[in-house]
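A short write-up of the structure that comes next.
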Amino acid sequence: MIIIMGKTSTQDQLKSVIDWVENHGYQTHVSEGEEVTIVGVVGNGRPIEQYQIERLEGVERTVRILEPYKLTSLDMRPEPTLIPLNGTKVGGKQVVVIAGPCSVESREQILETAKLVKEAGATALRGGAYKPRTSPYAFQGMGLAGLELLAEAKKVTGLPVVTEVMAPEQVTMVAQYADVLQIGARNMQNFNLLHAVGQTNHPVLLKRGMMNTLEELLMSAEHILSCGNSNVMLCERGIRTFERYTRNTFDVNAIPALKARTHLPVIADPSHATGHWQYVGAAALAAVAAGADGLMIEVHPHPEVALSDGLQSLKPDKFADLVVRLRAVAEAVGRTL
Ligand code: PEP
Ligand code: MN
């Protein structure tokens, strides 16, 4: 349930409402917007009726949130959540571009890529140090050495770092290097991991599982928000269908469908969504046209020798050309890039 406070309500009245609700065994989450203050009520407390709350001083009305996700819902917070990143805000007017290799492979590779994507206009650098691979025999990432290289690339270019965390016990350590903690598609429903990132106040990029519905994605975000961290960006990265000409099927519908239900920013990853560098540009342009708040794009200076995802990685010059075209589409839909 959400409680909408009256426009002239006072801080004392807000506090009394919160105390009343918490004394009945619920948790409260206050969202103070420009127009109204909303108190979200979640948890399993003693049964309460809406009229009991509506009789409290300062309360305008109450609304039951029918969706299973509550804190993530647009009802709870009608204004977009803005997440600071490199002097801009993800979820605001600017479409952010997170770019870099699938995996950190060497000092030369990450520094070269970081400089080139920065020159092309990227907002942040991506690169995996801990890699979830289908095969145990494939490159598993450089681990801590990879995180240290990301820190060096950040120092040189000033680009904030987005990198994946795979296990709850890694969160504190990865958070020392990462500006944004990425939860990969395979871990979207690793609830212990969601709780661990929820207990930090680090921004989180939560990728949709390849076999998960949008409601399941929103429920996973709810796990993070319910632990107190609301700095969550959702990421559409393609889902598994019967189609084989592409690695996954890019669900462009996810962008407006999520934005109609949640205040959290929505990022699109056209690299994993298509699996082929030749299609990445078209999917990226479509994502911006559909209202994505940002893109995550794999870029590698030498994709033919990449240790992971070479097939879908753009060469830096192709990425730079794409940024110019993305900017035109962003401007056509009232955004900047
Ligand atoms: C990645 O970003 O390199 C990655 C592993 O993506 P996903 O979790 O979407 O497969
Ligand atoms: Mn990848």
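We name chains A, B, ... following the order of the structure tokens; residues begin at 1 in each chain, and ligands are numbered from 1 as shown.
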field: strand (DSSP E or B) positions in segment 194-322 of chain A, given as a ChimeraX atom specification
entry: /A:204-207,232-236,239,249,262,266-268,294-299,314
Taking only residues of chain A that have an atom at most 9 Å from an atom of ligand 1, what is each one's shortest atom pair and its distance in Å to one decimal, using only C-alpha atoms and all ligand atoms, in chain and number order, as a Markdown table?
| residue | atom | partner | partner_atom_place_in_ligand_line | distance |
| --- | --- | --- | --- | --- |
| A:Pro101 | CA | ligand 1 | 3 (O) | 8.0 |
| A:Cys102 | CA | ligand 1 | 3 (O) | 4.6 |
| A:Ser103 | CA | ligand 1 | 3 (O) | 6.9 |
| A:Arg126 | CA | ligand 1 | 2 (O) | 8.2 |
| A:Gly127 | CA | ligand 1 | 3 (O) | 7.4 |
| A:Gly128 | CA | ligand 1 | 3 (O) | 6.4 |
| A:Lys131 | CA | ligand 1 | 5 (C) | 6.4 |
| A:Pro132 | CA | ligand 1 | 5 (C) | 6.1 |
| A:Arg133 | CA | ligand 1 | 5 (C) | 7.6 |
| A:Thr163 | CA | ligand 1 | 2 (O) | 8.2 |
| A:Glu164 | CA | ligand 1 | 2 (O) | 7.4 |
| A:Gln182 | CA | ligand 1 | 2 (O) | 7.9 |
| A:Ile183 | CA | ligand 1 | 8 (O) | 7.0 |
| A:Gly184 | CA | ligand 1 | 8 (O) | 3.4 |
| A:Ala185 | CA | ligand 1 | 8 (O) | 3.7 |
| A:Arg186 | CA | ligand 1 | 8 (O) | 5.8 |
| A:Asn187 | CA | ligand 1 | 8 (O) | 7.6 |
| A:Met188 | CA | ligand 1 | 8 (O) | 8.5 |
| A:Leu206 | CA | ligand 1 | 8 (O) | 8.9 |
| A:Lys207 | CA | ligand 1 | 9 (O) | 5.8 |
| A:Arg208 | CA | ligand 1 | 9 (O) | 7.1 |
| A:Gly209 | CA | ligand 1 | 9 (O) | 7.3 |
| A:Met210 | CA | ligand 1 | 9 (O) | 7.6 |
| A:Cys235 | CA | ligand 1 | 9 (O) | 8.2 |
| A:Glu236 | CA | ligand 1 | 9 (O) | 8.1 |
| A:Arg237 | CA | ligand 1 | 9 (O) | 5.4 |
| A:Gly238 | CA | ligand 1 | 9 (O) | 7.8 |
| A:Asp269 | CA | ligand 1 | 9 (O) | 7.6 |
| A:Ser271 | CA | ligand 1 | 2 (O) | 8.5 |
| A:His272 | CA | ligand 1 | 9 (O) | 6.0 |
| A:Ala273 | CA | ligand 1 | 9 (O) | 8.0 |
| A:Met296 | CA | ligand 1 | 2 (O) | 8.1 |
| A:Ile297 | CA | ligand 1 | 2 (O) | 8.8 |
| A:Glu298 | CA | ligand 1 | 3 (O) | 7.8 |
| A:Ser308 | CA | ligand 1 | 3 (O) | 8.2 |
| A:Asp309 | CA | ligand 1 | 3 (O) | 7.6 |
field: Nearest to Val95 of chain A, chosen from A:Asp293, A:Ala332, A:Thr246, A:Ala287, with only C-alpha atoms counted in the distances
entry: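 Ranking A:Asp293, A:Ala332, A:Thr246, A:Ala287 by distance to Val95 of chain A, first place goes to A:Asp293.
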- request: Give the answer as one residue: which of A:Val104, A:Leu234, A:Leu85, A:Met173 has the shortest atom-to-atom distance to Ala122 of chain A, using only C-alpha atoms?
  value: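 Going through A:Val104, A:Leu234, A:Leu85, A:Met173 one by one, the smallest distance to Ala122 of chain A is for A:Leu85.
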message: Among segment 29-273 of chain A, which ones does DSSP assign to alpha helix (DSSP H) (computed from the backbone)? Answer as number ranges by chain.
response: A: 50-54, 107-120, 144-157, 171-175, 191-198, 214-226, 254-259, 270-273
query: Which one is closest to ligand 2: A:Arg327, A:Arg247, A:Arg64, A:His24? Count only C-alpha atoms and all ligand atoms.
result: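 Among the listed residues, A:Arg247 lies closest to ligand 2.
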- prompt: From the list A:Val21, A:Leu194, A:Leu258, A:Ile2, which residue is nearest Gly45 of chain A when using only C-alpha atoms?
  reply: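 With only C-alpha atoms as the atom set, the closest residue is A:Val21.
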Which residues are close to Lys118 of chain A, i.e. within 10 Å by only C-alpha atoms, leaving aside same-chain residues fewer than 2 positions away? Reply as an mmCIF file with N, CA and C atoms, in the first residue's frame.
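Listing of result00.cif after writing:
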data_model
loop_
_atom_site.group_PDB
_atom_site.id
_atom_site.type_symbol
_atom_site.label_atom_id
_atom_site.label_comp_id
_atom_site.auth_asym_id
_atom_site.auth_seq_id
_atom_site.Cartn_x
_atom_site.Cartn_y
_atom_site.Cartn_z
ATOM 1 N N ILE A 98 27.656 2.956 -21.994
ATOM 2 C CA ILE A 98 28.654 2.182 -21.254
ATOM 3 C C ILE A 98 29.328 1.282 -22.294
ATOM 4 N N ALA A 99 30.632 1.397 -22.443
ATOM 5 C CA ALA A 99 31.287 0.646 -23.522
ATOM 6 C C ALA A 99 32.609 0.068 -23.051
ATOM 7 N N GLY A 100 32.993 -1.039 -23.683
ATOM 8 C CA GLY A 100 34.262 -1.669 -23.335
ATOM 9 C C GLY A 100 34.214 -3.139 -23.683
ATOM 10 N N THR A 113 41.341 0.269 -25.106
ATOM 11 C CA THR A 113 39.879 0.355 -25.301
ATOM 12 C C THR A 113 39.312 1.545 -24.535
ATOM 13 N N ALA A 114 39.758 1.702 -23.294
ATOM 14 C CA ALA A 114 39.218 2.790 -22.459
ATOM 15 C C ALA A 114 39.461 4.145 -23.123
ATOM 16 N N LYS A 115 40.681 4.355 -23.648
ATOM 17 C CA LYS A 115 40.989 5.648 -24.273
ATOM 18 C C LYS A 115 40.116 5.864 -25.508
ATOM 19 N N LEU A 116 39.961 4.809 -26.310
ATOM 20 C CA LEU A 116 39.204 4.962 -27.557
ATOM 21 C C LEU A 116 37.713 5.173 -27.299
ATOM 22 N N ALA A 120 35.429 8.514 -28.181
ATOM 23 C CA ALA A 120 34.199 8.400 -28.987
ATOM 24 C C ALA A 120 32.980 8.960 -28.253
ATOM 25 N N GLY A 121 33.103 9.189 -26.948
ATOM 26 C CA GLY A 121 31.988 9.804 -26.213
ATOM 27 C C GLY A 121 31.314 8.912 -25.189
ATOM 28 N N ALA A 122 31.954 7.795 -24.821
ATOM 29 C CA ALA A 122 31.327 6.913 -23.819
ATOM 30 C C ALA A 122 31.246 7.595 -22.456
ATOM 31 N N THR A 123 30.233 7.212 -21.696
ATOM 32 C CA THR A 123 30.021 7.746 -20.345
ATOM 33 C C THR A 123 30.767 6.917 -19.311
ATOM 34 N N ALA A 124 30.869 5.607 -19.563
ATOM 35 C CA ALA A 124 31.495 4.703 -18.591
ATOM 36 C C ALA A 124 32.164 3.550 -19.330
ATOM 37 N N LEU A 125 33.105 2.934 -18.623
ATOM 38 C CA LEU A 125 33.853 1.789 -19.183
ATOM 39 C C LEU A 125 33.303 0.495 -18.591
ATOM 40 N N THR A 157 41.654 7.588 -17.751
ATOM 41 C CA THR A 157 40.620 8.214 -18.600
ATOM 42 C C THR A 157 39.576 9.005 -17.816
ATOM 43 N N GLY A 158 39.448 8.717 -16.540
ATOM 44 C CA GLY A 158 38.383 9.347 -15.757
ATOM 45 C C GLY A 158 37.041 8.657 -15.933
ATOM 46 N N LEU A 159 36.997 7.585 -16.737
ATOM 47 C CA LEU A 159 35.709 6.907 -16.945
ATOM 48 C C LEU A 159 35.365 6.021 -15.749
ATOM 49 N N ALA A 320 32.697 4.445 -32.697
ATOM 50 C CA ALA A 320 32.684 5.914 -32.792
ATOM 51 C C ALA A 320 31.650 6.378 -33.830
#
- request: Can you work out the spacing between atom CA of Ser135 of chain A and atom CA of Pro270 of chain A in Å, to one decimal?
  value: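 Distance between the two atoms: 22.8 Å.
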- prompt: How many Å separate atom CA of Lys15 of chain A from atom CA of Val36 of chain A?
  reply: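 Calculated distance between atom CA of Lys15 of chain A and atom CA of Val36 of chain A is 15.3 Å.
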Which residue of A:Gly87, A:Pro47, A:Gly6, A:Gly33 approaches Thr62 of chain A most closely, using only C-alpha atoms: A:Gly6
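If you look at atom CA of Glu105 of chain A and atom CA of Val180 of chain A, they are 19.6 Å away from each other.
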message: Nearest residue to ligand 2 out of A:Ala129, A:Cys227, A:Leu205, A:Leu149, using only C-alpha atoms and all ligand atoms?
response: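 Result for the nearest residue to ligand 2: A:Ala129.
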Contact residues around Met211 of chain A with only C-alpha atoms at 8 Å, ignoring same-chain residues under 2 positions, as a PyMOL selection string: chain A and resi 209+213+239-240
Polymer residues at most 10 Å from Gly43 of chain A, only C-alpha atoms, same-chain spacing of 6 or more positions, as a list in words: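 Non-adjacent residues within range: Met1, Glu22, Gly25, Tyr26, Gln27, Thr28 and Ser226 of chain A.
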Selected residues, N, CA and C atoms, written as a JSON list (two decimals), in the first residue's frame, please.
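Contents of the output file result-v5.json:
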[["chain", "number", "residue", "atom", "x", "y", "z"],
["A", 1, "MET", "N", 0.84, -1.19, 0.00],
["A", 1, "MET", "CA", 0.00, 0.00, 0.00],
["A", 1, "MET", "C", 0.88, 1.25, 0.00],
["A", 22, "GLU", "N", 4.59, 1.61, 11.36],
["A", 22, "GLU", "CA", 5.67, 0.72, 11.83],
["A", 22, "GLU", "C", 5.26, 0.01, 13.13],
["A", 25, "GLY", "N", 3.81, -3.24, 12.55],
["A", 25, "GLY", "CA", 4.68, -4.33, 12.07],
["A", 25, "GLY", "C", 5.11, -4.22, 10.62],
["A", 26, "TYR", "N", 4.95, -3.06, 10.01],
["A", 26, "TYR", "CA", 5.35, -2.90, 8.60],
["A", 26, "TYR", "C", 6.62, -2.05, 8.49],
["A", 27, "GLN", "N", 7.27, -2.15, 7.30],
["A", 27, "GLN", "CA", 8.38, -1.24, 7.01],
["A", 27, "GLN", "C", 7.84, -0.10, 6.14],
["A", 28, "THR", "N", 8.45, 1.06, 6.29],
["A", 28, "THR", "CA", 8.02, 2.20, 5.46],
["A", 28, "THR", "C", 9.19, 2.68, 4.61],
["A", 226, "SER", "N", 14.35, -3.69, -1.55],
["A", 226, "SER", "CA", 13.84, -3.99, -0.21],
["A", 226, "SER", "C", 14.96, -4.08, 0.81]]
message: What's around Leu337 of chain A at 12 Å? Count only C-alpha atoms, leave out sequence neighbours fewer than 5 positions away in its own chain, and write the answer as a PyMOL selection string.
response: chain A and resi 88-90+92-98+120-123+285+288+292-295+322-332
query: Any idea what's packed within 12 Å of Lys70 of chain A, counting only C-alpha atoms, ignoring anything in its chain fewer than 4 positions away? Could you give it as an MDAnalysis selection string?
result: chainID A and resid 1:2 27:29 39:43 63:66 74:77 215 218:226 261:263
